[in-house]
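Colleague: So here's my_file.txt (compact mmCIF, C-alpha atoms).
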# COMPACT_ATOMS: atom_id res chain seq x y z
CA MET X 1 0.00 0.00 0.00
CA ASN X 2 1.49 3.32 -0.97
CA ARG X 3 2.16 6.24 1.25
CA SER X 4 -0.66 8.56 0.22
CA THR X 5 -3.36 5.89 0.73
CA ILE X 6 -2.05 5.24 4.23
CA ASP X 7 -1.95 8.98 4.92
CA LEU X 8 -5.55 9.29 3.74
CA TRP X 9 -6.80 6.43 5.92
CA VAL X 10 -4.91 7.65 8.97
CA GLY X 11 -6.35 11.11 8.34
CA ILE X 12 -9.89 9.72 8.15
CA PHE X 13 -9.28 7.64 11.29
CA VAL X 14 -7.95 10.55 13.32
CA ALA X 15 -10.75 12.82 12.10
CA ILE X 16 -13.56 10.45 13.07
CA GLY X 17 -11.77 9.64 16.33
CA ILE X 18 -11.64 13.31 17.28
CA GLY X 19 -15.22 13.60 16.03
CA ALA X 20 -16.17 10.83 18.48
CA ILE X 21 -14.54 12.68 21.39
CA VAL X 22 -16.35 15.88 20.41
CA PHE X 23 -19.62 13.91 20.17
CA LEU X 24 -19.02 12.50 23.66
CA ALA X 25 -18.27 15.97 24.97
CA LEU X 26 -21.25 17.73 23.43
CA ARG X 27 -23.96 15.13 23.03
CA VAL X 28 -23.30 12.56 25.75
CA GLY X 29 -21.79 14.86 28.35
CA ASN X 30 -22.33 18.49 29.07
CA LEU X 31 -19.54 20.94 28.45
CA THR X 32 -21.18 23.59 30.62
CA SER X 33 -18.86 22.81 33.51
CA LEU X 34 -15.95 23.96 31.35
CA GLN X 35 -17.56 27.19 30.23
CA THR X 36 -16.45 30.09 32.33
CA THR X 37 -19.55 32.22 32.30
CA PRO X 38 -19.12 35.26 34.52
CA SER X 39 -20.48 34.49 37.95
CA TYR X 40 -20.61 35.86 41.46
CA HIS X 41 -20.32 34.29 44.87
CA LEU X 42 -22.97 33.93 47.56
CA ASP X 43 -22.83 32.35 51.01
CA ALA X 44 -25.63 30.83 53.03
CA ALA X 45 -25.58 29.24 56.49
CA PHE X 46 -27.69 26.18 57.16
CA ASP X 47 -28.35 24.21 60.37
CA ASN X 48 -28.22 20.98 58.40
CA ILE X 49 -27.28 20.46 54.78
CA GLY X 50 -28.39 16.83 54.57
CA GLY X 51 -26.77 15.14 51.59
CA LEU X 52 -25.74 18.31 49.76
CA LYS X 53 -22.54 17.87 47.79
CA ILE X 54 -20.10 20.16 46.03
CA ARG X 55 -21.20 20.87 42.43
CA ALA X 56 -24.84 20.33 43.37
CA PRO X 57 -27.10 22.65 41.35
CA VAL X 58 -28.67 25.86 42.65
CA LYS X 59 -32.11 26.29 41.16
CA ALA X 60 -34.69 29.05 41.08
CA ALA X 61 -38.17 27.96 39.94
CA GLY X 62 -36.56 24.75 38.69
CA VAL X 63 -33.99 26.46 36.45
CA VAL X 64 -30.31 25.83 37.19
CA ILE X 65 -28.76 29.22 37.97
CA GLY X 66 -25.50 28.16 39.61
CA ARG X 67 -23.62 25.48 41.50
CA VAL X 68 -22.38 24.81 45.02
CA ASP X 69 -18.62 25.28 45.03
CA ARG X 70 -17.70 24.96 48.70
CA VAL X 71 -19.10 23.58 51.94
CA ARG X 72 -17.49 24.24 55.32
CA PHE X 73 -18.42 24.03 58.96
CA ASP X 74 -18.46 27.22 61.03
CA THR X 75 -17.18 26.39 64.52
CA LYS X 76 -18.55 29.66 65.97
CA THR X 77 -22.18 29.21 65.01
CA TYR X 78 -22.09 25.44 64.54
CA GLN X 79 -23.69 25.85 61.16
CA ALA X 80 -22.71 24.68 57.71
CA VAL X 81 -21.71 27.53 55.41
CA VAL X 82 -22.37 26.75 51.77
CA GLY X 83 -20.63 28.81 49.08
CA MET X 84 -22.37 29.08 45.70
CA ARG X 85 -21.38 30.42 42.29
CA ILE X 86 -24.35 32.09 40.64
CA ASP X 87 -24.42 33.14 36.98
CA GLN X 88 -23.93 36.87 36.60
CA GLY X 89 -27.12 37.09 34.57
CA TYR X 90 -29.30 36.21 37.56
CA GLN X 91 -29.67 38.75 40.35
CA PHE X 92 -31.60 38.13 43.56
CA SER X 93 -33.07 40.41 46.17
CA LYS X 94 -31.66 40.62 49.70
CA ASP X 95 -34.54 38.70 51.29
CA THR X 96 -34.26 35.65 49.01
CA ILE X 97 -34.86 32.37 50.86
CA ALA X 98 -32.40 29.56 50.18
CA SER X 99 -33.63 26.08 51.05
CA ILE X 100 -32.11 22.63 50.67
CA LEU X 101 -34.47 20.42 48.70
CA THR X 102 -34.52 16.97 47.18
CA SER X 103 -35.94 16.24 43.76
CA GLY X 104 -38.20 13.27 44.30
CA LEU X 105 -37.82 10.84 47.16
CA LEU X 106 -34.41 9.56 46.12
CA GLY X 107 -33.33 12.27 43.70
CA GLU X 108 -30.43 14.70 43.83
CA VAL X 109 -30.11 17.25 46.60
CA TYR X 110 -30.08 20.86 45.44
CA ILE X 111 -30.50 24.40 46.75
CA GLY X 112 -33.68 26.17 45.78
CA PHE X 113 -34.02 29.97 45.74
CA ASP X 114 -37.35 31.64 46.44
CA ALA X 115 -37.11 35.24 45.35
CA GLY X 116 -38.17 37.91 47.83
CA GLY X 117 -39.53 41.40 47.28
CA ASP X 118 -36.67 43.57 48.54
CA SER X 119 -35.52 46.23 46.09
CA GLU X 120 -31.88 45.81 47.14
CA MET X 121 -29.98 43.04 45.37
CA LEU X 122 -27.41 40.59 46.72
CA ALA X 123 -23.88 41.56 45.68
CA ASP X 124 -20.80 39.40 45.09
CA GLY X 125 -19.71 37.78 48.37
CA GLY X 126 -23.09 38.48 49.93
CA ARG X 127 -24.79 36.26 52.44
CA ILE X 128 -28.34 34.97 52.27
CA ALA X 129 -29.95 35.60 55.65
CA LYS X 130 -33.05 33.46 55.34
CA THR X 131 -32.35 29.77 54.94
CA GLN X 132 -34.25 26.56 55.39
CA SER X 133 -32.36 23.40 56.26
CA ALA X 134 -32.63 20.00 54.73
CA VAL X 135 -35.47 17.85 55.92
CA VAL X 136 -33.99 14.80 57.61
CA LEU X 137 -36.37 11.95 56.97
CA GLU X 138 -35.43 10.04 60.16
CA LYS X 139 -36.24 13.04 62.35
CA LEU X 140 -39.52 13.50 60.56
CA ILE X 141 -40.50 9.88 61.07
CA GLY X 142 -39.36 10.02 64.71
CA GLN X 143 -41.45 13.14 65.33
CA PHE X 144 -44.46 11.54 63.69
CA MET X 145 -44.16 8.44 65.86
CA PHE X 146 -43.78 10.43 69.07
CA ASP X 147 -46.85 12.47 68.16
CA LYS X 148 -48.82 9.30 67.54
CA ALA X 149 -47.66 7.86 70.85
CA ALA X 150 -48.60 11.05 72.69
CA GLN X 151 -52.04 11.01 71.12
CA GLY X 152 -52.48 7.37 72.14
CA ASN X 153 -51.60 8.21 75.77
CA ALA X 154 -54.00 11.16 75.81
CA LYS X 155 -56.82 8.86 74.85
CA MET N 1 14.34 -36.21 52.45
CA PRO N 2 12.01 -33.33 53.41
CA ALA N 3 15.05 -31.05 53.79
CA GLU N 4 16.08 -31.82 50.21
CA ALA N 5 12.55 -31.24 48.94
CA ILE N 6 12.36 -27.91 50.78
CA GLY N 7 15.75 -26.93 49.35
CA PHE N 8 14.54 -27.81 45.86
CA VAL N 9 11.38 -25.74 46.22
CA LEU N 10 13.30 -22.80 47.70
CA ARG N 11 15.83 -22.91 44.85
CA ARG N 12 13.01 -22.87 42.32
CA VAL N 13 11.38 -19.91 44.08
CA GLY N 14 14.72 -18.12 44.24
CA ARG N 15 15.39 -18.65 40.55
CA ALA N 16 11.91 -17.49 39.56
CA THR N 17 12.25 -14.37 41.71
CA GLN N 18 15.64 -13.52 40.24
CA ARG N 19 14.35 -14.01 36.73
CA SER N 20 11.30 -11.85 37.28
CA ILE N 21 13.37 -9.09 38.88
CA SER N 22 15.86 -9.09 36.02
CA ARG N 23 12.99 -9.04 33.51
CA LEU N 24 11.47 -6.11 35.37
CA GLY N 25 14.78 -4.26 35.19
CA PHE N 26 15.16 -5.14 31.53
CA SER N 27 11.66 -3.90 30.70
CA ALA N 28 12.26 -0.65 32.62
CA ARG N 29 15.47 -0.04 30.65
CA PHE N 30 13.61 -1.01 27.49
CA PHE N 31 10.93 1.61 28.28
CA ALA N 32 13.61 4.25 28.88
CA LEU N 33 15.24 3.36 25.53
CA VAL N 34 11.91 3.61 23.71
CA ILE N 35 11.30 7.06 25.20
CA TYR N 36 14.88 8.07 24.35
CA HIS N 37 14.41 7.02 20.71
CA SER N 38 10.90 8.50 20.45
CA PRO N 39 11.94 11.73 18.69
CA ALA N 40 12.97 9.53 15.75
CA ALA N 41 9.37 8.29 15.48
CA PHE N 42 8.26 11.87 14.96
CA ARG N 43 11.12 12.89 12.70
CA ARG N 44 10.17 10.09 10.35
CA LEU N 45 6.44 10.55 10.64
CA GLY N 46 5.72 8.21 7.74
CA LEU N 47 6.77 5.20 9.83
CA THR N 48 4.49 6.17 12.71
CA LEU N 49 1.59 6.89 10.34
CA ARG N 50 2.04 3.41 8.87
CA GLU N 51 1.76 1.93 12.37
CA ILE N 52 -1.33 4.03 13.14
CA TYR N 53 -2.78 2.57 9.96
CA PHE N 54 -1.99 -1.01 11.00
CA SER N 55 -2.98 -0.80 14.66
CA GLY N 56 -5.66 1.89 14.44
CA VAL N 57 -7.40 1.95 11.08
CA LEU N 58 -7.42 -1.82 10.68
CA SER N 59 -8.89 -2.21 14.20
CA LEU N 60 -11.79 0.10 13.33
CA VAL N 61 -14.21 -2.58 12.19
CA ILE N 62 -13.86 -4.80 15.25
CA MET N 63 -14.14 -1.77 17.57
CA LEU N 64 -17.21 -0.32 15.90
CA VAL N 65 -19.05 -3.64 15.67
CA SER N 66 -18.26 -4.73 19.24
CA GLY N 67 -19.09 -1.26 20.55
CA LEU N 68 -22.47 -1.44 18.86
CA PHE N 69 -23.25 -4.86 20.32
CA VAL N 70 -22.01 -3.97 23.81
CA GLY N 71 -24.23 -0.89 23.73
CA MET N 72 -27.26 -2.84 22.52
CA VAL N 73 -26.82 -5.45 25.27
CA LEU N 74 -26.40 -2.67 27.84
CA GLY N 75 -29.61 -1.11 26.59
CA LEU N 76 -31.55 -4.36 26.97
CA GLN N 77 -30.08 -5.47 30.29
CA GLY N 78 -30.02 -1.98 31.77
CA TYR N 79 -33.63 -1.27 30.88
CA ASP N 80 -34.77 -4.63 32.23
CA THR N 81 -33.18 -4.01 35.63
CA LEU N 82 -33.83 -0.28 35.89
CA ASN N 83 -37.48 -0.73 34.99
CA LYS N 84 -37.95 -3.02 38.01
CA TYR N 85 -37.27 0.02 40.15
CA GLY N 86 -39.33 2.28 37.95
CA ALA N 87 -36.18 4.03 36.75
CA GLY N 88 -36.32 3.08 33.08
CA ASP N 89 -35.89 6.76 32.23
CA SER N 90 -32.38 6.62 33.66
CA LEU N 91 -31.28 4.26 30.88
CA GLY N 92 -29.30 7.04 29.21
CA ILE N 93 -27.36 7.79 32.40
CA PHE N 94 -26.64 4.11 33.03
CA VAL N 95 -25.47 3.44 29.50
CA GLY N 96 -23.50 6.66 29.08
CA LEU N 97 -21.69 6.46 32.41
CA SER N 98 -20.78 2.80 32.14
CA LEU N 99 -19.52 3.20 28.58
CA VAL N 100 -17.62 6.44 29.00
CA ARG N 101 -16.06 5.59 32.36
CA GLU N 102 -15.42 1.87 32.18
CA LEU N 103 -16.52 -0.26 29.28
CA GLY N 104 -15.28 2.01 26.49
CA PRO N 105 -11.63 2.18 27.62
CA VAL N 106 -11.46 -1.34 29.10
CA VAL N 107 -13.20 -3.41 26.41
CA SER N 108 -11.56 -1.49 23.58
CA GLY N 109 -8.23 -1.91 25.39
CA LEU N 110 -8.73 -5.68 25.62
CA LEU N 111 -9.71 -5.83 21.95
CA PHE N 112 -6.75 -3.63 21.05
CA ALA N 113 -4.40 -5.94 22.96
CA SER N 114 -5.61 -9.00 21.10
CA ARG N 115 -6.05 -7.35 17.70
CA ALA N 116 -3.07 -4.96 17.46
CA GLY N 117 -0.82 -5.94 20.38
CA SER N 118 -0.47 -9.55 19.27
CA ALA N 119 0.27 -8.43 15.71
CA ILE N 120 3.03 -6.08 16.90
CA THR N 121 4.63 -8.81 19.00
CA ALA N 122 4.46 -11.36 16.21
CA GLU N 123 5.92 -8.91 13.70
CA ILE N 124 8.85 -7.83 15.86
CA GLY N 125 9.44 -11.40 17.05
CA LEU N 126 9.55 -12.66 13.50
CA MET N 127 11.89 -9.83 12.49
CA LYS N 128 14.17 -11.00 15.29
CA THR N 129 13.86 -14.66 14.27
CA THR N 130 14.71 -13.92 10.64
CA GLU N 131 17.61 -11.75 11.88
CA GLN N 132 16.28 -8.57 10.34
CA ILE N 133 16.91 -6.75 13.61
CA ALA N 134 20.50 -7.98 13.69
CA ALA N 135 20.86 -6.91 10.04
CA MET N 136 19.64 -3.42 10.90
CA GLU N 137 22.20 -3.16 13.69
CA MET N 138 24.88 -4.26 11.21
CA MET N 139 23.83 -1.44 8.89
CA ALA N 140 23.98 1.03 11.82
CA VAL N 141 20.21 1.47 11.73
CA ASP N 142 18.93 1.58 15.28
CA PRO N 143 16.06 -0.93 15.54
CA PHE N 144 14.60 1.09 18.41
CA ALA N 145 14.24 4.16 16.24
CA ARG N 146 13.22 2.26 13.10
CA VAL N 147 11.00 -0.54 14.48
CA VAL N 148 10.06 -0.12 18.14
CA ALA N 149 9.37 3.59 18.67
CA PRO N 150 6.99 4.05 15.67
CA ARG N 151 4.91 1.05 16.79
CA PHE N 152 4.85 2.34 20.35
CA TRP N 153 3.63 5.80 19.37
CA GLY N 154 1.26 4.47 16.73
CA GLY N 155 -0.49 2.45 19.45
CA ILE N 156 -0.62 5.36 21.89
CA VAL N 157 -2.25 7.61 19.28
CA SER N 158 -4.71 4.95 18.12
CA MET N 159 -5.97 3.71 21.47
CA PRO N 160 -7.83 6.80 22.81
CA LEU N 161 -9.45 7.40 19.41
CA LEU N 162 -10.60 3.78 19.23
CA ALA N 163 -11.95 3.95 22.79
CA ALA N 164 -13.91 7.11 21.99
CA LEU N 165 -15.35 5.51 18.87
CA PHE N 166 -16.25 2.42 20.88
CA SER N 167 -18.14 4.56 23.42
CA VAL N 168 -19.97 6.47 20.71
CA MET N 169 -21.03 3.27 18.96
CA GLY N 170 -22.11 1.86 22.33
CA VAL N 171 -24.28 4.89 23.08
CA PHE N 172 -25.73 4.62 19.59
CA GLY N 173 -26.46 0.91 20.10
CA ALA N 174 -28.18 1.62 23.41
CA TYR N 175 -30.15 4.39 21.72
CA VAL N 176 -31.32 2.00 19.00
CA VAL N 177 -32.44 -0.61 21.52
CA GLY N 178 -33.71 1.71 24.26
CA VAL N 179 -35.44 4.39 22.22
CA ARG N 180 -36.27 2.72 18.91
CA LEU N 181 -37.18 -0.79 20.12
CA ILE N 182 -38.24 -0.48 23.77
CA GLY N 183 -39.69 2.99 23.52
CA VAL N 184 -37.87 5.12 26.11
CA ASP N 185 -38.52 8.74 25.21
CA SER N 186 -35.73 10.11 23.03
CA GLY N 187 -35.60 13.44 24.85
CA THR N 188 -35.47 11.74 28.25
CA PHE N 189 -32.70 9.41 27.07
CA TRP N 190 -30.40 12.18 25.82
CA GLY N 191 -31.45 14.79 28.37
CA ASN N 192 -30.84 12.59 31.43
CA MET N 193 -27.57 11.41 29.96
CA ARG N 194 -26.32 14.93 29.38
CA ALA N 195 -27.47 16.10 32.79
CA ALA N 196 -25.60 13.30 34.57
CA ILE N 197 -22.37 13.09 32.57
CA ASP N 198 -19.86 15.89 32.81
CA PHE N 199 -17.07 16.46 30.33
CA TRP N 200 -14.84 17.00 33.31
CA PRO N 201 -14.30 14.57 35.08
CA ASP N 202 -16.29 11.70 33.47
CA ILE N 203 -15.24 11.90 29.83
CA THR N 204 -11.72 13.17 30.50
CA ASN N 205 -11.17 10.31 32.96
CA GLY N 206 -12.20 7.85 30.26
CA ILE N 207 -9.72 9.44 27.86
CA ILE N 208 -6.94 9.35 30.46
CA LYS N 209 -7.68 5.66 31.05
CA SER N 210 -7.53 4.85 27.35
CA VAL N 211 -4.21 6.70 26.95
CA VAL N 212 -2.72 4.76 29.89
CA PHE N 213 -4.03 1.48 28.47
CA GLY N 214 -2.57 2.37 25.08
CA ILE N 215 0.85 2.95 26.66
CA ALA N 216 0.64 -0.31 28.66
CA VAL N 217 -0.55 -2.51 25.78
CA THR N 218 1.93 -1.26 23.17
CA LEU N 219 4.83 -1.27 25.63
CA ILE N 220 4.10 -4.89 26.55
CA ALA N 221 3.64 -5.79 22.87
CA VAL N 222 6.92 -4.28 21.65
CA PHE N 223 8.81 -5.58 24.69
CA GLU N 224 7.56 -9.15 24.30
CA GLY N 225 8.34 -9.05 20.59
CA TYR N 226 11.85 -7.73 21.18
CA ASP N 227 12.42 -10.17 24.04
CA ALA N 228 11.06 -13.20 22.17
CA THR N 229 13.18 -16.32 21.84
CA PRO N 230 14.09 -16.28 18.12
CA THR N 231 12.32 -19.51 17.22
CA ALA N 232 8.89 -20.27 15.82
CA GLU N 233 7.83 -21.50 19.24
CA GLY N 234 9.34 -18.44 20.94
CA VAL N 235 7.33 -16.07 18.76
CA SER N 236 4.10 -17.93 19.47
CA THR N 237 4.82 -17.91 23.22
CA ALA N 238 5.61 -14.19 23.09
CA THR N 239 2.35 -13.46 21.27
CA THR N 240 0.37 -15.39 23.86
CA ARG N 241 2.19 -13.61 26.67
CA THR N 242 1.40 -10.23 25.13
CA VAL N 243 -2.33 -10.90 25.10
CA VAL N 244 -2.38 -12.35 28.62
CA GLU N 245 -0.10 -9.73 30.20
CA ALA N 246 -1.72 -6.81 28.40
CA SER N 247 -5.21 -7.93 29.40
CA LEU N 248 -4.22 -8.37 33.04
CA ALA N 249 -2.37 -5.03 32.97
CA ILE N 250 -5.48 -3.28 31.62
CA LEU N 251 -7.75 -4.72 34.30
CA ALA N 252 -5.31 -4.00 37.13
CA LEU N 253 -4.53 -0.48 35.89
CA ASP N 254 -8.26 0.16 35.49
CA PHE N 255 -8.84 -0.62 39.13
CA LEU N 256 -5.90 1.56 40.26
CA LEU N 257 -6.93 4.48 38.04
CA THR N 258 -10.54 4.25 39.19
CA VAL N 259 -9.44 4.34 42.83
CA PHE N 260 -7.44 7.50 42.18
CA MET N 261 -10.17 9.11 40.08
CA PHE N 262 -12.86 8.50 42.71
CA ARG N 263 -10.72 10.00 45.46
CA GLY N 264 -12.19 13.25 46.66
CA THR N 265 -15.55 12.82 44.98
CA GLY N 266 -17.08 11.62 48.22
CA ILE N 267 -17.51 7.99 47.21
The structure given in the file should be rewritten as structure tokens.
Modeller:
Amino acid sequence: MNRSTIDLWVGIFVAIGIGAIVFLALRVGNLTSLQTTPSYHLDAAFDNIGGLKIRAPVKAAGVVIGRVDRVRFDTKTYQAVVGMRIDQGYQFSKDTIASILTSGLLGEVYIGFDAGGDSEMLADGGRIAKTQSAVVLEKLIGQFMFDKAAQGNAK
Amino acid sequence: MPAEAIGFVLRRVGRATQRSISRLGFSARFFALVIYHSPAAFRRLGLTLREIYFSGVLSLVIMLVSGLFVGMVLGLQGYDTLNKYGAGDSLGIFVGLSLVRELGPVVSGLLFASRAGSAITAEIGLMKTTEQIAAMEMMAVDPFARVVAPRFWGGIVSMPLLAALFSVMGVFGAYVVGVRLIGVDSGTFWGNMRAAIDFWPDITNGIIKSVVFGIAVTLIAVFEGYDATPTAEGVSTATTRTVVEASLAILALDFLLTVFMFRGTGI
């Protein structure tokens, strides 16, 4: 086989190979995590973050508007401080409520924003004052059972 | 009597240990020599391109066909199990993650070892048996630069591309079975897959794995060929060893790489 035929085949091979990687990147995976859209930072303190993980989505009305980029424990207040990167395009008022939610019974844990009515907006590095912690299922069940027991005793 | 038997066994163990240590040292020096002579593989690009053609282009058919079938089986089996838990919609995630992270690099690596690795070993071994390598040395042509390095780099370039093609064909096969035959919604299939698979780290980890497997398989193949006993039997033994050692190396390296890649992700 002569040189130019081999060159042609190798060229075709490399081209479709790179095409396959691009296909994996764009169609199978999402490249959004590589895009560096301008963003700003927000903090929020929670009593309990449940199963929240780094890179979990931050959603407002179900739309992903940012991601969790850091979780640490504050030894002064004994709360978990969650750092989030929010897309620059989305601005939120000062009295926004951040809550830790779960999509479905077994789904992913994410942070949901409920917009408030304040005219002042949260700036870069700002802190969300109103938060709602994760619902811990065991506590909920425990509470329910104690209530039932108490009712039974009352009767 | 028992003392003699113990001595015999110990001597055998000692000899085997010495031989394996000296082989390890020889293969490490061999690897260093290949790296040292690698610039020659790029100066004479035609040689490397020829090897990409033999180990990459000619492996295309087996990769594409087996990728398609692996994907179709994943689609059937995955849907069957996921649907028991009412999670049939997650078929795309299951198929995409298992192909991109594990099956793509590993299965294509195993196929590459038996399809291209064995051919490289047999070729170099036969060159040694027919004294072509010795003839090259006589003519002051370095066999490392002329024979070994181009095959080594040809394999390293081919392997990640073949693994990516394998994954793509697998996803396509799962799409055909899951969406076209079983009737999972097309939007759910692709949407869930894209939501769950990140370019970084999932796809890049798969690419890193396939590059490492490419290095391991071609290094074992060229080493076994170069180290073969120059007889017909020696070449056949070397070819067998290449397939066995390369397959074991891929599986062991896969485990090690996965351990390192999952560190820090909370698993």
Colleague: Residues of chain N near chain X: apply a cut-off of 7 Å, count all atoms listed in the file, and supply the list as number ranges by chain.
Modeller: N: 49-50, 52-53, 57, 96, 161-162, 164-165, 168, 193-195, 197-199
Colleague: For each of N:Thr229, N:Ser66, N:Thr188, N:Ser108, take the minimum atom-to-atom distance to Met127 in chain N, counting all atoms listed in the file, then give the residue where this is smallest.
Modeller: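 Distance minimum relative to Met127 in chain N lands on N:Thr229.
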Colleague: Could you work out how far CA of Ser236 in chain N lies from CA of Ala216 in chain N, giving the answer in Å with one decimal?
Modeller: 20.2 Å
Colleague: Kindly indicate which residue among N:Ile208, N:Phe223, N:Ala252, N:Met136 lies nearest to Ala28 in chain N, using all atoms listed in the file for the distances.
Modeller: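 Among the listed residues, the smallest separation from Ala28 in chain N belongs to N:Phe223.
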Colleague: Would you please work out which residue, of X:Phe46, X:Phe113, X:Phe146, X:Tyr40, is nearest to Gln79 in chain X when using all atoms listed in the file?
Modeller: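 Answer, going by the shortest atom-to-atom distance: X:Phe46.
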Colleague: From the list N:Ala140, N:Ile6, N:Val147, N:Ala221, which residue is nearest Val244 in chain N when using all atoms listed in the file?
Modeller: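 The shortest atom-to-atom distance to Val244 in chain N comes from N:Ala221.
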Colleague: Rank N:Val222, N:Leu24, N:Val100, N:Ala87 by their smallest atom-to-atom distance to Ile203 in chain N, using only C-alpha atoms, and report the top residue only.
Modeller: N:Val100
Colleague: Tell me which of N:Val107, N:Leu257, N:Leu91, N:Ala232 sits closest to Ser167 in chain N, counting all atoms listed in the file.
Modeller: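 Comparing N:Val107, N:Leu257, N:Leu91, N:Ala232 against Ser167 in chain N, the winner is N:Val107.
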Colleague: Just want the 6 Å neighbourhood of Phe166 in chain N, counted on all atoms listed in the file, with same-chain residues fewer than 3 positions away dropped. Output as a list in words.
Modeller: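 In the requested form, the answer reads Met63, Leu64, Gly67, Gly104, Ala163 and Met169 of chain N.
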Colleague: Please identify all polymer residues within 12 Å of Val106 in chain N, counting all atoms listed in the file, omitting same-chain residues fewer than 4 positions from it, and present them as a short mmCIF file (atom, residue, chain, number, x, y, z; two decimals) with C-alpha atoms, keeping the file's coordinate frame.
Modeller:
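Result went into out28.cif, see below:
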data_model
loop_
_atom_site.label_atom_id
_atom_site.label_comp_id
_atom_site.auth_asym_id
_atom_site.auth_seq_id
_atom_site.Cartn_x
_atom_site.Cartn_y
_atom_site.Cartn_z
CA MET N 63 -14.14 -1.77 17.57
CA GLY N 67 -19.09 -1.26 20.55
CA SER N 98 -20.78 2.80 32.14
CA LEU N 99 -19.52 3.20 28.58
CA VAL N 100 -17.62 6.44 29.00
CA ARG N 101 -16.06 5.59 32.36
CA GLU N 102 -15.42 1.87 32.18
CA LEU N 110 -8.73 -5.68 25.62
CA LEU N 111 -9.71 -5.83 21.95
CA PHE N 112 -6.75 -3.63 21.05
CA ALA N 113 -4.40 -5.94 22.96
CA MET N 159 -5.97 3.71 21.47
CA PRO N 160 -7.83 6.80 22.81
CA LEU N 162 -10.60 3.78 19.23
CA ALA N 163 -11.95 3.95 22.79
CA ALA N 164 -13.91 7.11 21.99
CA PHE N 166 -16.25 2.42 20.88
CA SER N 167 -18.14 4.56 23.42
CA GLY N 206 -12.20 7.85 30.26
CA ILE N 207 -9.72 9.44 27.86
CA ILE N 208 -6.94 9.35 30.46
CA LYS N 209 -7.68 5.66 31.05
CA SER N 210 -7.53 4.85 27.35
CA VAL N 211 -4.21 6.70 26.95
CA VAL N 212 -2.72 4.76 29.89
CA PHE N 213 -4.03 1.48 28.47
CA GLY N 214 -2.57 2.37 25.08
CA VAL N 217 -0.55 -2.51 25.78
CA ALA N 246 -1.72 -6.81 28.40
CA SER N 247 -5.21 -7.93 29.40
CA LEU N 248 -4.22 -8.37 33.04
CA ALA N 249 -2.37 -5.03 32.97
CA ILE N 250 -5.48 -3.28 31.62
CA LEU N 251 -7.75 -4.72 34.30
CA ALA N 252 -5.31 -4.00 37.13
CA LEU N 253 -4.53 -0.48 35.89
CA ASP N 254 -8.26 0.16 35.49
CA PHE N 255 -8.84 -0.62 39.13
CA LEU N 257 -6.93 4.48 38.04
CA THR N 258 -10.54 4.25 39.19
#
Colleague: Could you tell me how far CA of Asp69 in chain X sits from CA of Phe94 in chain N, in Å to one decimal place?
Modeller: 25.6 Å
Colleague: In Å to one decimal, how far is CA of Arg146 in chain N from CA of Gly46 in chain N?
Modeller: 11.0 Å
Colleague: Which residues are close to Gly117 in chain X, i.e. within 12 Å by all atoms listed in the file, leaving aside same-chain residues fewer than 5 positions away? Reply as a VMD selection string.
Modeller: chain X and resid 92 to 97
Colleague: Could you pull out every residue with an atom within 10 Å of (8.4, 1.3, 19.4), file coordinates, counting only C-alpha atoms, and send them as a ChimeraX atom specification?
Modeller: /N:30-31,33-35,37-38,41,48,51,120,124,143-155,218-219,221-223,226
Colleague: Using only C-alpha atoms, please write the residues we just selected to a file, as a compact mmCIF listing (two decimals), in the coordinates of the input.
Modeller:
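Wrote result_26.txt, looks like this:
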# COMPACT_ATOMS: atom_id res chain seq x y z
CA PHE N 30 13.61 -1.01 27.49
CA PHE N 31 10.93 1.61 28.28
CA LEU N 33 15.24 3.36 25.53
CA VAL N 34 11.91 3.61 23.71
CA ILE N 35 11.30 7.06 25.20
CA HIS N 37 14.41 7.02 20.71
CA SER N 38 10.90 8.50 20.45
CA ALA N 41 9.37 8.29 15.48
CA THR N 48 4.49 6.17 12.71
CA GLU N 51 1.76 1.93 12.37
CA ILE N 120 3.03 -6.08 16.90
CA ILE N 124 8.85 -7.83 15.86
CA PRO N 143 16.06 -0.93 15.54
CA PHE N 144 14.60 1.09 18.41
CA ALA N 145 14.24 4.16 16.24
CA ARG N 146 13.22 2.26 13.10
CA VAL N 147 11.00 -0.54 14.48
CA VAL N 148 10.06 -0.12 18.14
CA ALA N 149 9.37 3.59 18.67
CA PRO N 150 6.99 4.05 15.67
CA ARG N 151 4.91 1.05 16.79
CA PHE N 152 4.85 2.34 20.35
CA TRP N 153 3.63 5.80 19.37
CA GLY N 154 1.26 4.47 16.73
CA GLY N 155 -0.49 2.45 19.45
CA THR N 218 1.93 -1.26 23.17
CA LEU N 219 4.83 -1.27 25.63
CA ALA N 221 3.64 -5.79 22.87
CA VAL N 222 6.92 -4.28 21.65
CA PHE N 223 8.81 -5.58 24.69
CA TYR N 226 11.85 -7.73 21.18
